[in-house]
>>> print(open('my_file.txt').read())   # compact mmCIF, C-alpha atoms
# COMPACT_ATOMS: atom_id res chain seq x y z
CA MET R 1 -53.68 -98.68 -38.11
CA LYS R 2 -49.93 -98.49 -37.58
CA THR R 3 -47.32 -95.90 -38.44
CA ILE R 4 -44.77 -97.39 -40.81
CA LYS R 5 -42.61 -94.31 -41.21
CA HIS R 6 -42.68 -90.67 -40.15
CA ILE R 7 -40.92 -87.79 -41.91
CA ARG R 8 -40.61 -84.21 -40.74
CA ILE R 9 -39.03 -81.39 -42.72
CA GLU R 10 -38.49 -77.96 -41.20
CA GLN R 11 -35.79 -75.30 -40.87
CA SER R 12 -33.48 -76.83 -43.47
CA SER R 13 -33.54 -80.28 -41.86
CA VAL R 14 -35.11 -83.64 -42.59
CA PHE R 15 -35.99 -86.08 -39.82
CA ALA R 16 -37.08 -89.70 -40.16
CA ASP R 17 -38.77 -91.24 -37.13
CA GLY R 18 -37.13 -88.51 -35.03
CA ASP R 19 -33.59 -89.00 -36.35
CA GLU R 20 -31.99 -86.25 -38.40
CA LEU R 21 -31.27 -87.50 -41.92
CA PHE R 22 -30.22 -84.33 -43.66
CA SER R 23 -29.46 -80.78 -42.66
CA LEU R 24 -28.28 -77.64 -44.39
CA ALA R 25 -28.61 -75.09 -41.62
CA GLY R 26 -29.06 -71.48 -42.54
CA GLU R 27 -29.71 -72.04 -46.23
CA GLU R 28 -32.70 -70.58 -47.98
CA TYR R 29 -35.40 -72.99 -49.08
CA ALA R 30 -34.45 -73.13 -52.77
CA VAL R 31 -30.90 -74.21 -51.95
CA PHE R 32 -32.07 -76.63 -49.27
CA ALA R 33 -34.74 -78.25 -51.46
CA ARG R 34 -32.31 -78.69 -54.35
CA ALA R 35 -29.71 -80.23 -52.03
CA VAL R 36 -32.26 -82.65 -50.60
CA TYR R 37 -33.36 -83.63 -54.10
CA LYS R 38 -29.74 -84.25 -55.12
CA SER R 39 -29.07 -86.26 -51.98
CA LEU R 40 -31.94 -88.59 -52.84
CA GLU R 41 -30.19 -89.49 -56.11
CA ILE R 42 -33.37 -89.63 -58.11
CA ASP R 43 -33.92 -88.57 -61.68
CA TYR R 44 -37.19 -86.66 -61.86
CA PRO R 45 -36.60 -83.37 -63.73
CA LYS R 46 -40.19 -82.32 -63.16
CA PHE R 47 -39.15 -81.56 -59.59
CA TYR R 48 -37.51 -78.35 -60.77
CA LYS R 49 -40.77 -77.09 -62.26
CA MET R 50 -42.77 -77.56 -59.07
CA SER R 51 -43.90 -74.85 -56.69
CA ASN R 52 -42.12 -74.60 -53.35
CA MET R 53 -45.04 -76.27 -51.59
CA CYS R 54 -45.14 -79.05 -54.12
CA LYS R 55 -41.40 -79.64 -53.81
CA LEU R 56 -41.84 -79.94 -50.05
CA GLY R 57 -44.58 -82.57 -50.36
CA PHE R 58 -42.63 -84.37 -53.06
CA LEU R 59 -39.42 -84.53 -50.99
CA ALA R 60 -41.28 -85.64 -47.86
CA SER R 61 -42.99 -88.43 -49.77
CA GLU R 62 -39.70 -89.49 -51.39
CA TYR R 63 -38.17 -89.93 -47.95
CA LEU R 64 -41.31 -91.67 -46.75
CA LEU R 65 -41.19 -94.23 -49.53
CA LYS R 66 -37.41 -94.42 -49.84
CA ASP R 67 -35.87 -97.85 -49.34
CA MET R 68 -39.27 -99.38 -49.87
CA ASN R 69 -40.08 -101.25 -53.01
CA ILE R 70 -43.35 -99.46 -53.53
CA LYS R 71 -44.45 -101.69 -56.37
CA GLU R 72 -43.99 -104.71 -54.14
CA LYS R 73 -45.30 -103.16 -50.96
CA PHE R 74 -48.30 -101.49 -52.51
CA VAL R 75 -49.42 -104.47 -54.55
CA ASP R 76 -52.63 -102.69 -55.44
CA ARG R 77 -51.93 -98.98 -55.65
CA SER R 78 -55.62 -98.22 -55.99
CA ARG R 79 -55.71 -99.13 -52.27
CA VAL R 80 -53.18 -96.46 -51.31
CA ALA R 81 -54.57 -93.08 -50.26
CA ILE R 82 -52.99 -89.64 -49.87
CA VAL R 83 -54.66 -87.46 -47.27
CA LEU R 84 -52.80 -84.24 -46.55
CA ALA R 85 -53.48 -80.90 -44.93
CA CYS R 86 -51.99 -77.46 -45.32
CA LYS R 87 -52.55 -74.07 -43.79
CA ALA R 88 -51.45 -71.48 -46.36
CA SER R 89 -52.82 -73.49 -49.28
CA SER R 90 -51.06 -72.46 -52.52
CA LEU R 91 -50.74 -68.80 -51.50
CA GLN R 92 -47.01 -68.52 -52.22
CA ALA R 93 -47.49 -69.98 -55.72
CA ASP R 94 -50.51 -67.71 -56.20
CA ILE R 95 -48.34 -64.68 -55.43
CA GLU R 96 -45.64 -65.82 -57.88
CA TYR R 97 -48.27 -66.38 -60.55
CA SER R 98 -49.89 -63.00 -59.93
CA LYS R 99 -46.54 -61.32 -60.62
CA THR R 100 -46.68 -62.64 -64.20
CA MET R 101 -50.19 -61.35 -64.83
CA GLY R 102 -48.99 -57.91 -65.88
CA GLU R 103 -47.64 -59.36 -69.12
CA ILE R 104 -48.47 -62.86 -70.26
CA PRO R 105 -49.39 -65.08 -67.30
CA SER R 106 -47.18 -68.12 -66.90
CA PRO R 107 -48.98 -71.45 -67.56
CA ALA R 108 -46.23 -73.28 -65.65
CA LEU R 109 -46.90 -71.22 -62.53
CA PHE R 110 -50.67 -71.38 -62.98
CA VAL R 111 -50.78 -75.16 -62.67
CA TYR R 112 -49.44 -74.87 -59.11
CA THR R 113 -52.10 -72.43 -57.93
CA LEU R 114 -54.14 -75.17 -56.28
CA ALA R 115 -52.99 -76.87 -53.10
CA ASN R 116 -54.19 -80.31 -54.16
CA ILE R 117 -51.59 -80.50 -56.91
CA VAL R 118 -49.26 -81.71 -54.14
CA THR R 119 -51.25 -84.92 -53.72
CA GLY R 120 -51.49 -85.19 -57.51
CA GLU R 121 -47.75 -84.93 -58.04
CA ILE R 122 -47.08 -87.58 -55.37
CA ALA R 123 -49.70 -89.86 -56.92
CA ILE R 124 -48.21 -89.44 -60.41
CA ARG R 125 -44.69 -90.06 -59.19
CA HIS R 126 -45.59 -93.33 -57.44
CA GLY R 127 -48.53 -94.51 -59.52
CA ILE R 128 -50.88 -94.19 -56.55
CA LYS R 129 -54.53 -94.39 -57.55
CA GLY R 130 -56.44 -94.40 -54.26
CA GLU R 131 -58.27 -91.56 -52.57
CA GLU R 132 -56.62 -88.13 -52.65
CA LEU R 133 -57.52 -85.29 -50.36
CA MET R 134 -55.91 -81.97 -49.46
CA LEU R 135 -57.54 -80.18 -46.54
CA VAL R 136 -56.89 -76.52 -45.78
CA GLN R 137 -56.84 -76.24 -41.99
CA GLN R 138 -56.66 -73.17 -39.79
CA GLU R 139 -54.14 -75.01 -37.64
CA TYR R 140 -52.57 -78.43 -38.05
CA ASP R 141 -55.33 -80.71 -36.79
CA LYS R 142 -53.84 -84.19 -36.55
CA GLU R 143 -56.97 -85.55 -34.93
CA GLN R 144 -59.15 -84.55 -37.85
CA LEU R 145 -56.72 -86.17 -40.29
CA SER R 146 -56.42 -89.29 -38.16
CA ASP R 147 -60.21 -89.65 -37.91
CA TYR R 148 -60.55 -89.33 -41.66
CA VAL R 149 -57.80 -91.86 -42.39
CA SER R 150 -59.21 -94.30 -39.80
CA THR R 151 -62.57 -94.11 -41.52
CA LEU R 152 -60.95 -94.72 -44.90
CA ILE R 153 -59.10 -97.77 -43.66
CA ASP R 154 -62.10 -99.09 -41.71
CA GLU R 155 -64.24 -98.84 -44.82
CA GLY R 156 -62.01 -101.52 -46.31
CA ASN R 157 -60.86 -99.91 -49.54
CA THR R 158 -57.53 -98.56 -48.30
CA ASP R 159 -54.49 -100.52 -47.13
CA PHE R 160 -51.96 -97.69 -46.85
CA CYS R 161 -52.18 -93.95 -46.49
CA ILE R 162 -49.72 -91.09 -46.79
CA THR R 163 -51.00 -88.47 -44.40
CA GLY R 164 -49.96 -85.33 -42.55
CA MET R 165 -49.25 -81.63 -43.06
CA VAL R 166 -47.37 -80.00 -45.95
CA ASP R 167 -47.27 -76.24 -45.65
CA TYR R 168 -45.31 -73.45 -47.34
CA ASP R 169 -46.49 -69.92 -46.63
CA GLU R 170 -46.08 -66.53 -48.28
CA ASN R 171 -43.25 -65.65 -45.86
CA HIS R 172 -41.33 -68.75 -46.97
CA ARG R 173 -41.89 -70.59 -43.72
CA TYR R 174 -42.29 -74.28 -44.37
CA PHE R 175 -43.18 -77.42 -42.52
CA ALA R 176 -43.87 -80.99 -43.52
CA ASP R 177 -44.96 -83.67 -41.10
CA VAL R 178 -46.07 -86.79 -42.94
CA CYS R 179 -46.54 -90.44 -42.10
CA LEU R 180 -47.07 -93.63 -43.98
CA LEU R 181 -49.82 -95.52 -42.24
CA GLY R 182 -50.90 -99.10 -42.84
CA ARG R 183 -53.48 -101.52 -41.59
CA MET S 1 -29.99 -70.26 -90.20
CA SER S 2 -28.32 -68.42 -87.37
CA ILE S 3 -26.31 -70.61 -85.01
CA ASP S 4 -26.48 -67.79 -82.48
CA LEU S 5 -30.27 -67.93 -82.49
CA ARG S 6 -30.22 -71.67 -81.81
CA GLU S 7 -27.80 -71.22 -78.92
CA LYS S 8 -29.86 -68.31 -77.59
CA LEU S 9 -33.00 -70.45 -77.78
CA LYS S 10 -31.35 -73.28 -75.87
CA GLY S 11 -30.49 -70.88 -73.08
CA GLU S 12 -33.97 -69.40 -73.07
CA LEU S 13 -35.62 -72.81 -72.92
CA ILE S 14 -33.38 -73.91 -70.06
CA GLU S 15 -34.26 -70.74 -68.17
CA GLN S 16 -37.96 -70.58 -69.02
CA LEU S 17 -38.68 -74.29 -68.55
CA ASN S 18 -36.52 -74.77 -65.45
CA LEU S 19 -34.40 -77.42 -67.14
CA GLU S 20 -31.85 -77.60 -64.37
CA ASP S 21 -29.05 -80.13 -64.76
CA ILE S 22 -29.14 -79.50 -68.51
CA SER S 23 -26.67 -77.22 -70.31
CA PRO S 24 -27.01 -75.82 -73.84
CA ALA S 25 -24.36 -78.30 -74.97
CA ASP S 26 -26.63 -81.16 -73.87
CA ILE S 27 -29.34 -80.11 -76.30
CA ASP S 28 -29.05 -81.46 -79.82
CA SER S 29 -30.51 -78.85 -82.17
CA SER S 30 -32.08 -81.49 -84.37
CA ALA S 31 -33.42 -83.72 -81.56
CA ALA S 32 -37.10 -83.82 -80.61
CA LEU S 33 -38.06 -81.39 -77.87
CA PHE S 34 -41.08 -83.45 -76.82
CA GLY S 35 -41.41 -87.16 -76.12
CA ASP S 36 -38.08 -88.96 -76.13
CA GLY S 37 -35.95 -85.86 -76.65
CA LEU S 38 -35.93 -83.32 -73.84
CA GLY S 39 -39.07 -84.88 -72.44
CA LEU S 40 -41.07 -81.67 -72.44
CA ASP S 41 -44.80 -81.76 -71.75
CA SER S 42 -47.91 -79.79 -72.68
CA ILE S 43 -47.29 -77.10 -70.06
CA ASP S 44 -43.81 -76.61 -71.51
CA ALA S 45 -45.43 -76.15 -74.93
CA LEU S 46 -47.55 -73.36 -73.49
CA GLU S 47 -44.46 -71.77 -71.95
CA ILE S 48 -42.71 -71.87 -75.35
CA ILE S 49 -45.73 -70.11 -76.88
CA VAL S 50 -45.41 -67.43 -74.17
CA LEU S 51 -41.66 -67.18 -74.85
CA LEU S 52 -42.23 -66.70 -78.59
CA GLU S 53 -44.68 -63.90 -77.94
CA LYS S 54 -42.67 -62.13 -75.23
CA GLU S 55 -39.20 -62.41 -76.73
CA TYR S 56 -39.90 -62.44 -80.47
CA GLY S 57 -43.35 -60.86 -80.86
CA ILE S 58 -44.68 -63.99 -82.55
CA LYS S 59 -48.20 -65.21 -81.87
CA ILE S 60 -49.02 -68.75 -82.87
CA SER S 61 -52.52 -68.76 -84.27
CA ASP S 62 -52.33 -72.03 -86.22
CA PRO S 63 -51.93 -75.02 -83.82
CA SER S 64 -50.48 -77.28 -86.53
CA ALA S 65 -47.86 -74.67 -87.42
CA GLY S 66 -47.02 -74.41 -83.74
CA LYS S 67 -46.62 -78.16 -83.41
CA GLU S 68 -44.30 -78.21 -86.42
CA ALA S 69 -42.31 -75.25 -85.13
CA MET S 70 -41.78 -76.84 -81.72
CA ALA S 71 -40.44 -80.13 -83.07
CA SER S 72 -36.80 -79.20 -82.39
CA ILE S 73 -34.47 -76.26 -81.76
CA ASP S 74 -33.73 -76.18 -85.50
CA SER S 75 -37.40 -75.92 -86.46
CA LEU S 76 -38.08 -73.38 -83.72
CA ALA S 77 -35.21 -71.18 -84.90
CA ALA S 78 -36.41 -71.43 -88.51
CA PHE S 79 -39.94 -70.51 -87.43
CA ILE S 80 -38.66 -67.46 -85.53
CA GLU S 81 -36.51 -66.26 -88.41
CA LYS S 82 -39.46 -66.54 -90.76
CA ASN S 83 -42.00 -64.87 -88.50
CA ARG S 84 -40.29 -62.47 -86.15
CA LYS S 85 -41.28 -58.83 -86.24
>>> encode(input="my_file.txt", output="structure tokens")
Amino acid sequence: MKTIKHIRIEQSSVFADGDELFSLAGEEYAVFARAVYKSLEIDYPKFYKMSNMCKLGFLASEYLLKDMNIKEKFVDRSRVAIVLACKASSLQADIEYSKTMGEIPSPALFVYTLANIVTGEIAIRHGIKGEELMLVQQEYDKEQLSDYVSTLIDEGNTDFCITGMVDYDENHRYFADVCLLGR
Amino acid sequence: MSIDLREKLKGELIEQLNLEDISPADIDSSAALFGDGLGLDSIDALEIIVLLEKEYGIKISDPSAGKEAMASIDSLAAFIEKNRK
């Protein structure tokens, strides 16, 4: 199992394999996320509807798969897995949704009140049809993730895996640390 | 039909459905809202139903009437003018 690419997003900065790719120091998350999206020059309006956590996972995966012809690389996208972890789950989206419950609850916010929608949105965006898993961990446990992904790959049904941590908490602290792994 | 209502609706849809990068001028009142038009999806349809109830006091009880009403800005405005309380 080898690491093909590593992306980290935290404190208004994006790093690829340790090198800073993008930074907007001091900006709040909404401004930062929008700027990152714009910098990627992609046309995916659904991005604007996503929860903050989902946007984070989406942006990290876009950087991860950027400059890679995914349709060529992932010849069989049923052999590509997404195995992520988070700590705060969808708590921030849950709080936003709960604010609408006094009147008519928002369906658009409701759909983001599950953490595993992050893996779903990434899968939809890239046509990935392999295993999807979102773990809620007390602390970022890379070893647990690595063991799981190793097992997946060893079982022979997975060629590539997007894995790591995507977390956005109720205090608007965020952190993404994701890798693309291959055989 | 009120032009103001159509323009108001465009603004409300942009706001409610998070249609960033789109301005009211980009929305053709007669163009389809779903599918090839604005590319809205089923969750957007639910949000429009919420918008109709919150802003105009209109509850859609007949799904086929709702589908017809949400075809375009023109049809939505006509539906509101006919049914608003």
>>> residues_around(input="my_file.txt", residues="range 106-118 of chain R", least_positions_apart="4", cutoff="8 Å", atoms="all atoms listed in the file", output="ChimeraX atom specification")
/R:49-51,53-54,57-58,86,89-91,93-94,96-97,100-101,122,133-134 /S:43-44,46-47,50
>>> closest_residue(input="my_file.txt", among="R:Val75, R:Ile4, R:Ile104, R:Leu24", to="chain S", atoms="only C-alpha atoms")
R:Ile104
>>> residues_around(input="my_file.txt", residues="range 61-63 of chain R", least_positions_apart="6", cutoff="12 Å", atoms="only C-alpha atoms", output="ChimeraX atom specification")
/R:5-9,14-17,20-22,36-44,47,54-55,69-70,82-84,118-126,128,161-166,176-180
>>> interface_residues(input="my_file.txt", of="chain S", to="chain R", cutoff="12 Å", atoms="all atoms listed in the file", output="list in words")
Ile14, Glu15, Gln16, Leu17, Asn18, Leu19, Glu20, Asp21, Ile22, Leu38, Gly39, Leu40, Asp41, Ser42, Ile43, Asp44, Ala45, Leu46, Glu47, Ile48, Ile49, Val50, Leu51, Leu52, Glu53, Lys54, Glu55, Gly57 and Lys59 of chain S
>>> atom_distance(input="my_file.txt", atom1="CA of Asp167 in chain R", atom2="CA of Val80 in chain R")
21.8 Å
>>> atom_distance(input="my_file.txt", atom1="CA of Ser12 in chain R", atom2="CA of Arg173 in chain R")
10.5 Å
>>> atom_distance(input="my_file.txt", atom1="CA of Ala88 in chain R", atom2="CA of Tyr168 in chain R")
6.5 Å
>>> build_atoms(input="my_file.txt", residues="range 37-48 of chain S", atoms="all heavy atoms", output="mmCIF file, in the coordinates of the input")
data_model
loop_
_atom_site.group_PDB
_atom_site.id
_atom_site.type_symbol
_atom_site.label_atom_id
_atom_site.label_comp_id
_atom_site.auth_asym_id
_atom_site.auth_seq_id
_atom_site.Cartn_x
_atom_site.Cartn_y
_atom_site.Cartn_z
ATOM 1 N N GLY S 37 -37.045 -86.820 -76.664
ATOM 2 C CA GLY S 37 -35.950 -85.860 -76.650
ATOM 3 C C GLY S 37 -35.731 -85.246 -75.281
ATOM 4 O O GLY S 37 -35.254 -85.904 -74.350
ATOM 5 N N LEU S 38 -36.103 -83.994 -75.128
ATOM 6 C CA LEU S 38 -35.930 -83.320 -73.840
ATOM 7 C C LEU S 38 -37.016 -83.709 -72.841
ATOM 8 O O LEU S 38 -36.953 -83.334 -71.680
ATOM 9 C CB LEU S 38 -35.958 -81.805 -74.034
ATOM 10 C CG LEU S 38 -34.654 -81.114 -74.405
ATOM 11 C CD1 LEU S 38 -34.874 -79.609 -74.469
ATOM 12 C CD2 LEU S 38 -33.552 -81.425 -73.408
ATOM 13 N N GLY S 39 -38.002 -84.427 -73.325
ATOM 14 C CA GLY S 39 -39.070 -84.880 -72.440
ATOM 15 C C GLY S 39 -39.983 -83.766 -71.980
ATOM 16 O O GLY S 39 -40.500 -83.788 -70.862
ATOM 17 N N LEU S 40 -40.182 -82.774 -72.822
ATOM 18 C CA LEU S 40 -41.070 -81.670 -72.440
ATOM 19 C C LEU S 40 -42.526 -82.124 -72.482
ATOM 20 O O LEU S 40 -42.859 -83.110 -73.131
ATOM 21 C CB LEU S 40 -40.860 -80.482 -73.398
ATOM 22 C CG LEU S 40 -39.424 -79.953 -73.520
ATOM 23 C CD1 LEU S 40 -39.398 -78.703 -74.395
ATOM 24 C CD2 LEU S 40 -38.812 -79.658 -72.155
ATOM 25 N N ASP S 41 -43.381 -81.388 -71.774
ATOM 26 C CA ASP S 41 -44.800 -81.760 -71.750
ATOM 27 C C ASP S 41 -45.672 -80.603 -72.246
ATOM 28 O O ASP S 41 -45.172 -79.587 -72.734
ATOM 29 C CB ASP S 41 -45.218 -82.221 -70.341
ATOM 30 C CG ASP S 41 -45.037 -81.130 -69.285
ATOM 31 O OD1 ASP S 41 -44.954 -79.939 -69.654
ATOM 32 O OD2 ASP S 41 -44.979 -81.464 -68.092
ATOM 33 N N SER S 42 -46.971 -80.765 -72.107
ATOM 34 C CA SER S 42 -47.910 -79.790 -72.680
ATOM 35 C C SER S 42 -47.792 -78.411 -72.019
ATOM 36 O O SER S 42 -47.990 -77.386 -72.675
ATOM 37 C CB SER S 42 -49.347 -80.313 -72.539
ATOM 38 O OG SER S 42 -49.632 -80.575 -71.182
ATOM 39 N N ILE S 43 -47.461 -78.393 -70.741
ATOM 40 C CA ILE S 43 -47.290 -77.100 -70.060
ATOM 41 C C ILE S 43 -46.047 -76.399 -70.606
ATOM 42 O O ILE S 43 -46.029 -75.170 -70.794
ATOM 43 C CB ILE S 43 -47.181 -77.281 -68.525
ATOM 44 C CG1 ILE S 43 -48.442 -77.942 -67.957
ATOM 45 C CG2 ILE S 43 -46.938 -75.939 -67.833
ATOM 46 C CD1 ILE S 43 -49.720 -77.176 -68.138
ATOM 47 N N ASP S 44 -45.018 -77.185 -70.903
ATOM 48 C CA ASP S 44 -43.810 -76.610 -71.510
ATOM 49 C C ASP S 44 -44.142 -76.005 -72.881
ATOM 50 O O ASP S 44 -43.608 -74.957 -73.254
ATOM 51 C CB ASP S 44 -42.725 -77.680 -71.663
ATOM 52 C CG ASP S 44 -42.223 -78.195 -70.329
ATOM 53 O OD1 ASP S 44 -42.010 -77.367 -69.425
ATOM 54 O OD2 ASP S 44 -42.044 -79.410 -70.183
ATOM 55 N N ALA S 45 -45.026 -76.675 -73.612
ATOM 56 C CA ALA S 45 -45.430 -76.150 -74.930
ATOM 57 C C ALA S 45 -46.079 -74.776 -74.758
ATOM 58 O O ALA S 45 -45.797 -73.842 -75.523
ATOM 59 C CB ALA S 45 -46.388 -77.116 -75.610
ATOM 60 N N LEU S 46 -46.909 -74.660 -73.739
ATOM 61 C CA LEU S 46 -47.550 -73.360 -73.490
ATOM 62 C C LEU S 46 -46.509 -72.302 -73.121
ATOM 63 O O LEU S 46 -46.597 -71.144 -73.536
ATOM 64 C CB LEU S 46 -48.591 -73.488 -72.358
ATOM 65 C CG LEU S 46 -49.829 -74.330 -72.692
ATOM 66 C CD1 LEU S 46 -50.691 -74.521 -71.455
ATOM 67 C CD2 LEU S 46 -50.652 -73.666 -73.786
ATOM 68 N N GLU S 47 -45.518 -72.716 -72.333
ATOM 69 C CA GLU S 47 -44.460 -71.770 -71.950
ATOM 70 C C GLU S 47 -43.642 -71.334 -73.170
ATOM 71 O O GLU S 47 -43.195 -70.191 -73.253
ATOM 72 C CB GLU S 47 -43.539 -72.389 -70.890
ATOM 73 C CG GLU S 47 -44.115 -72.423 -69.487
ATOM 74 C CD GLU S 47 -44.283 -71.038 -68.852
ATOM 75 O OE1 GLU S 47 -43.572 -70.092 -69.229
ATOM 76 O OE2 GLU S 47 -45.166 -70.906 -67.982
ATOM 77 N N ILE S 48 -43.447 -72.239 -74.122
ATOM 78 C CA ILE S 48 -42.710 -71.870 -75.350
ATOM 79 C C ILE S 48 -43.543 -70.867 -76.159
ATOM 80 O O ILE S 48 -43.004 -69.906 -76.717
ATOM 81 C CB ILE S 48 -42.367 -73.131 -76.183
ATOM 82 C CG1 ILE S 48 -41.370 -74.012 -75.417
ATOM 83 C CG2 ILE S 48 -41.772 -72.731 -77.533
ATOM 84 C CD1 ILE S 48 -41.067 -75.357 -76.064
#
